[in-house]
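Below is one structure, written out as structure tokens; the observations come after it.
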Amino acid sequence: MSRITIALLSFAVALAVGDVASAKGKSSRSRCRWGGLSDSRGRHTRCLTRAEAQQLTEESAAAESESADDEPKKSLPVVEVRATFERGKTGVAKQRLSANADVYARCIAEHGGLTKERGEVRIRFQVAKSGRAREVSVSKRRFVAPSAARCIAEAIDGTFVGVPSEQPTVGTAVLRLR
């Protein structure tokens, strides 16, 4: 067979498959201008009218605005991160730990928050040869809920803080929250 014949046959097969898919209702374009309804098995039952589509849109917008009014917006605290090590240094520890500041802020917001305007959490960890934080624990917390401090410790556990210049080394991450 020549290349032209093969190309024509493949084109004909593609057209036939496209016709079968659209006959089964699986075309890429919707059949209904305003949306459609389907049964529990996903089969198309009927199209929506313009009035029905507008009514559904208005109802969903009203429901969203009511739920948004019910839940007060929680502001996330600002997190400042500092890292110190007993032996050796890792040049990227502060940057690596600061990269997760939004995670730490969500921990505070979702697990009890701050009891005063400012707070502080100190997290101690060992730095493995791979440069990851291991054996993470909360060493001190001020004006921060215990569950929020544990959440921050869990977020730091396994984080790459850099390969230390001396082994073994213990690090402390100091998070100041306001």
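For the structure tokens, the naming scheme is as follows: chains receive sequential letters (A, B, ...) according to their order of presentation, residues are indexed from 1 within each chain, and ligands are indexed from 1 in presentation order.
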Which residues are close to range 93-108 of chain A, i.e. within 7 Å by only C-alpha atoms, leaving aside same-chain residues fewer than 4 positions away? Reply as an mmCIF file with N, CA and C atoms, in the first residue's frame.
data_model
loop_
_atom_site.group_PDB
_atom_site.id
_atom_site.type_symbol
_atom_site.label_atom_id
_atom_site.label_comp_id
_atom_site.auth_asym_id
_atom_site.auth_seq_id
_atom_site.Cartn_x
_atom_site.Cartn_y
_atom_site.Cartn_z
ATOM 1 N N LEU A 76 -3.903 35.561 58.608
ATOM 2 C CA LEU A 76 -2.748 34.741 58.927
ATOM 3 C C LEU A 76 -1.675 35.603 59.579
ATOM 4 N N PRO A 77 -1.021 35.081 60.604
ATOM 5 C CA PRO A 77 0.035 35.867 61.247
ATOM 6 C C PRO A 77 1.268 35.968 60.356
ATOM 7 N N VAL A 78 2.057 36.997 60.590
ATOM 8 C CA VAL A 78 3.328 37.166 59.893
ATOM 9 C C VAL A 78 4.360 36.330 60.627
ATOM 10 N N VAL A 79 5.153 35.569 59.883
ATOM 11 C CA VAL A 79 6.126 34.657 60.481
ATOM 12 C C VAL A 79 7.534 35.098 60.083
ATOM 13 N N VAL A 81 11.480 33.873 60.517
ATOM 14 C CA VAL A 81 12.212 32.651 60.856
ATOM 15 C C VAL A 81 13.697 32.972 61.012
ATOM 16 N N ARG A 82 14.286 32.395 62.071
ATOM 17 C CA ARG A 82 15.719 32.501 62.314
ATOM 18 C C ARG A 82 16.215 31.100 62.636
ATOM 19 N N ALA A 83 17.395 30.733 62.178
ATOM 20 C CA ALA A 83 17.935 29.401 62.446
ATOM 21 C C ALA A 83 19.340 29.513 63.023
ATOM 22 N N GLY A 112 -5.599 26.993 66.892
ATOM 23 C CA GLY A 112 -5.704 27.720 68.150
ATOM 24 C C GLY A 112 -5.197 29.137 68.124
ATOM 25 N N GLY A 113 -4.329 29.472 67.189
ATOM 26 C CA GLY A 113 -3.883 30.845 67.053
ATOM 27 C C GLY A 113 -2.976 31.325 68.166
ATOM 28 N N LEU A 114 -2.796 32.632 68.191
ATOM 29 C CA LEU A 114 -1.980 33.286 69.209
ATOM 30 C C LEU A 114 -2.869 33.724 70.368
ATOM 31 N N ALA A 148 -0.825 24.141 67.807
ATOM 32 C CA ALA A 148 -0.243 24.927 66.717
ATOM 33 C C ALA A 148 1.269 24.728 66.679
ATOM 34 N N CYS A 151 1.990 21.367 65.188
ATOM 35 C CA CYS A 151 1.767 21.414 63.741
ATOM 36 C C CYS A 151 2.982 22.000 63.029
ATOM 37 N N ILE A 152 3.570 23.047 63.591
ATOM 38 C CA ILE A 152 4.768 23.652 63.000
ATOM 39 C C ILE A 152 5.925 22.657 63.036
ATOM 40 N N PHE A 160 14.415 19.933 54.106
ATOM 41 C CA PHE A 160 15.833 20.077 53.785
ATOM 42 C C PHE A 160 16.305 21.425 54.306
ATOM 43 N N VAL A 161 17.278 21.399 55.235
ATOM 44 C CA VAL A 161 17.808 22.634 55.802
ATOM 45 C C VAL A 161 19.250 22.866 55.369
ATOM 46 N N GLY A 162 19.795 21.978 54.588
ATOM 47 C CA GLY A 162 21.162 22.113 54.106
ATOM 48 C C GLY A 162 22.087 21.138 54.800
#
Problem - Pairwise distance for CA of His111 in chain A and CA of Val144 in chain A, rounded to one decimal in Å - result: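 Straight-line distance from CA of His111 in chain A to CA of Val144 in chain A works out to 9.3 Å.
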Handout entry: Interatomic distance (Å, one decimal) between CA of Gly158 in chain A and CA of Gly131 in chain A
Key = 9.0 Å
Per-residue DSSP, range 64-160 of chain A, filtered to helix (DSSP H, G or I), as a short mmCIF file (atom, residue, chain, number, x, y, z; two decimals) with C-alpha atoms, in the first residue's frame:
data_model
loop_
_atom_site.label_atom_id
_atom_site.label_comp_id
_atom_site.auth_asym_id
_atom_site.auth_seq_id
_atom_site.Cartn_x
_atom_site.Cartn_y
_atom_site.Cartn_z
CA GLU A 64 -22.05 31.48 48.16
CA SER A 65 -22.49 34.99 49.54
CA GLU A 66 -24.39 33.66 52.59
CA SER A 67 -21.68 31.10 53.38
CA ALA A 68 -18.97 33.73 52.93
CA ASP A 69 -20.75 36.02 55.42
CA ASP A 70 -21.11 33.25 58.01
CA ALA A 93 18.76 26.88 56.43
CA LYS A 94 17.05 30.23 56.93
CA GLN A 95 15.91 30.41 53.31
CA ARG A 96 14.66 26.80 53.34
CA LEU A 97 12.74 27.24 56.58
CA SER A 98 11.39 30.65 55.53
CA ALA A 101 6.31 30.46 56.32
CA ASP A 102 2.80 30.26 54.86
CA VAL A 103 2.47 26.68 56.14
CA TYR A 104 3.52 27.78 59.63
CA ALA A 105 1.03 30.67 59.51
CA ARG A 106 -1.79 28.28 58.53
CA CYS A 107 -0.80 26.01 61.43
CA ILE A 108 -1.23 28.93 63.82
CA ALA A 109 -4.54 30.02 62.28
CA GLU A 110 -6.06 26.52 62.17
CA PRO A 146 0.30 23.66 71.96
CA SER A 147 -1.41 22.05 68.95
CA ALA A 148 -0.24 24.93 66.72
CA ALA A 149 3.36 24.46 67.90
CA ARG A 150 3.13 20.70 67.22
CA CYS A 151 1.77 21.41 63.74
CA ILE A 152 4.77 23.65 63.00
CA ALA A 153 7.15 20.94 64.27
CA GLU A 154 5.49 18.40 61.98
CA ALA A 155 5.86 20.81 59.06
CA ILE A 156 9.59 21.21 59.75
#
Handout entry: Point-to-point distance from CA of Gly119 in chain A to CA of Pro164 in chain A, Å rounded to tenths
Key =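 Computing the Euclidean distance for CA of Gly119 in chain A and CA of Pro164 in chain A yields 28.6 Å.
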Problem - Residue set, range 42-166 of chain A restricted to strand (DSSP E or B), as a PyMOL selection string - result: chain A and resi 44-47+79-85+114+119-127+132-142+144+160
Handout entry: Close residues, range 35-37 of chain A itself excluded, 12 Å, only C-alpha atoms, min 2 positions apart in chain, as a VMD selection string
Key = chain A and resid 25 29 to 33 39 to 54 56 to 57
Residue selection dump (N, CA and C atoms) as a PDB file, in the first residue's frame:
ATOM      1  N   GLY A  25     -23.305  10.834  22.385  1.00  0.00           N
ATOM      2  CA  GLY A  25     -23.361  11.974  23.279  1.00  0.00           C
ATOM      3  C   GLY A  25     -22.031  12.299  23.922  1.00  0.00           C
ATOM      4  N   ARG A  29     -18.118  19.132  22.310  1.00  0.00           N
ATOM      5  CA  ARG A  29     -18.955  20.313  22.491  1.00  0.00           C
ATOM      6  C   ARG A  29     -20.280  19.919  23.116  1.00  0.00           C
ATOM      7  N   SER A  30     -20.797  20.803  23.931  1.00  0.00           N
ATOM      8  CA  SER A  30     -22.066  20.542  24.590  1.00  0.00           C
ATOM      9  C   SER A  30     -23.214  20.683  23.608  1.00  0.00           C
ATOM     10  N   ARG A  31     -24.216  19.856  23.771  1.00  0.00           N
ATOM     11  CA  ARG A  31     -25.394  19.940  22.908  1.00  0.00           C
ATOM     12  C   ARG A  31     -26.325  21.050  23.346  1.00  0.00           C
ATOM     13  N   CYS A  32     -26.253  21.442  24.605  1.00  0.00           N
ATOM     14  CA  CYS A  32     -27.200  22.398  25.156  1.00  0.00           C
ATOM     15  C   CYS A  32     -26.539  23.760  25.348  1.00  0.00           C
ATOM     16  N   ARG A  33     -27.213  24.784  24.897  1.00  0.00           N
ATOM     17  CA  ARG A  33     -26.666  26.137  24.966  1.00  0.00           C
ATOM     18  C   ARG A  33     -26.554  26.620  26.403  1.00  0.00           C
ATOM     19  N   ASP A  39     -29.161  11.994  34.227  1.00  0.00           N
ATOM     20  CA  ASP A  39     -29.629  11.103  35.284  1.00  0.00           C
ATOM     21  C   ASP A  39     -28.445  10.622  36.114  1.00  0.00           C
ATOM     22  N   SER A  40     -28.701   9.715  37.053  1.00  0.00           N
ATOM     23  CA  SER A  40     -27.657   9.260  37.966  1.00  0.00           C
ATOM     24  C   SER A  40     -26.563   8.463  37.265  1.00  0.00           C
ATOM     25  N   ARG A  41     -26.824   7.995  36.071  1.00  0.00           N
ATOM     26  CA  ARG A  41     -25.821   7.244  35.320  1.00  0.00           C
ATOM     27  C   ARG A  41     -25.035   8.126  34.355  1.00  0.00           C
ATOM     28  N   GLY A  42     -25.299   9.418  34.372  1.00  0.00           N
ATOM     29  CA  GLY A  42     -24.563  10.339  33.526  1.00  0.00           C
ATOM     30  C   GLY A  42     -25.116  10.464  32.119  1.00  0.00           C
ATOM     31  N   ARG A  43     -26.286   9.905  31.884  1.00  0.00           N
ATOM     32  CA  ARG A  43     -26.884  10.007  30.547  1.00  0.00           C
ATOM     33  C   ARG A  43     -27.688  11.289  30.453  1.00  0.00           C
ATOM     34  N   HIS A  44     -27.569  11.942  29.339  1.00  0.00           N
ATOM     35  CA  HIS A  44     -28.259  13.206  29.093  1.00  0.00           C
ATOM     36  C   HIS A  44     -29.771  12.990  29.096  1.00  0.00           C
ATOM     37  N   THR A  45     -30.520  13.834  29.827  1.00  0.00           N
ATOM     38  CA  THR A  45     -31.980  13.721  29.816  1.00  0.00           C
ATOM     39  C   THR A  45     -32.637  14.880  29.086  1.00  0.00           C
ATOM     40  N   ARG A  46     -32.211  16.124  29.406  1.00  0.00           N
ATOM     41  CA  ARG A  46     -32.791  17.260  28.678  1.00  0.00           C
ATOM     42  C   ARG A  46     -31.910  18.487  28.840  1.00  0.00           C
ATOM     43  N   CYS A  47     -32.173  19.493  28.005  1.00  0.00           N
ATOM     44  CA  CYS A  47     -31.450  20.761  28.068  1.00  0.00           C
ATOM     45  C   CYS A  47     -32.188  21.732  28.982  1.00  0.00           C
ATOM     46  N   LEU A  48     -31.439  22.631  29.607  1.00  0.00           N
ATOM     47  CA  LEU A  48     -32.035  23.680  30.425  1.00  0.00           C
ATOM     48  C   LEU A  48     -32.479  24.845  29.545  1.00  0.00           C
ATOM     49  N   THR A  49     -33.524  25.514  29.970  1.00  0.00           N
ATOM     50  CA  THR A  49     -33.933  26.730  29.273  1.00  0.00           C
ATOM     51  C   THR A  49     -33.089  27.885  29.806  1.00  0.00           C
ATOM     52  N   ARG A  50     -33.140  28.997  29.117  1.00  0.00           N
ATOM     53  CA  ARG A  50     -32.372  30.161  29.540  1.00  0.00           C
ATOM     54  C   ARG A  50     -32.826  30.634  30.927  1.00  0.00           C
ATOM     55  N   ALA A  51     -34.120  30.642  31.173  1.00  0.00           N
ATOM     56  CA  ALA A  51     -34.664  31.084  32.460  1.00  0.00           C
ATOM     57  C   ALA A  51     -34.193  30.165  33.591  1.00  0.00           C
ATOM     58  N   GLU A  52     -34.192  28.848  33.354  1.00  0.00           N
ATOM     59  CA  GLU A  52     -33.723  27.908  34.376  1.00  0.00           C
ATOM     60  C   GLU A  52     -32.242  28.123  34.683  1.00  0.00           C
ATOM     61  N   ALA A  53     -31.445  28.352  33.658  1.00  0.00           N
ATOM     62  CA  ALA A  53     -30.013  28.572  33.851  1.00  0.00           C
ATOM     63  C   ALA A  53     -29.766  29.840  34.665  1.00  0.00           C
ATOM     64  N   GLN A  54     -30.504  30.917  34.365  1.00  0.00           N
ATOM     65  CA  GLN A  54     -30.344  32.159  35.119  1.00  0.00           C
ATOM     66  C   GLN A  54     -30.761  31.978  36.575  1.00  0.00           C
ATOM     67  N   LEU A  56     -30.718  29.192  38.364  1.00  0.00           N
ATOM     68  CA  LEU A  56     -29.702  28.400  39.061  1.00  0.00           C
ATOM     69  C   LEU A  56     -28.466  29.236  39.377  1.00  0.00           C
ATOM     70  N   THR A  57     -28.087  30.105  38.461  1.00  0.00           N
ATOM     71  CA  THR A  57     -26.933  30.975  38.677  1.00  0.00           C
ATOM     72  C   THR A  57     -27.178  31.921  39.844  1.00  0.00           C
TER      73      THR A  57
END
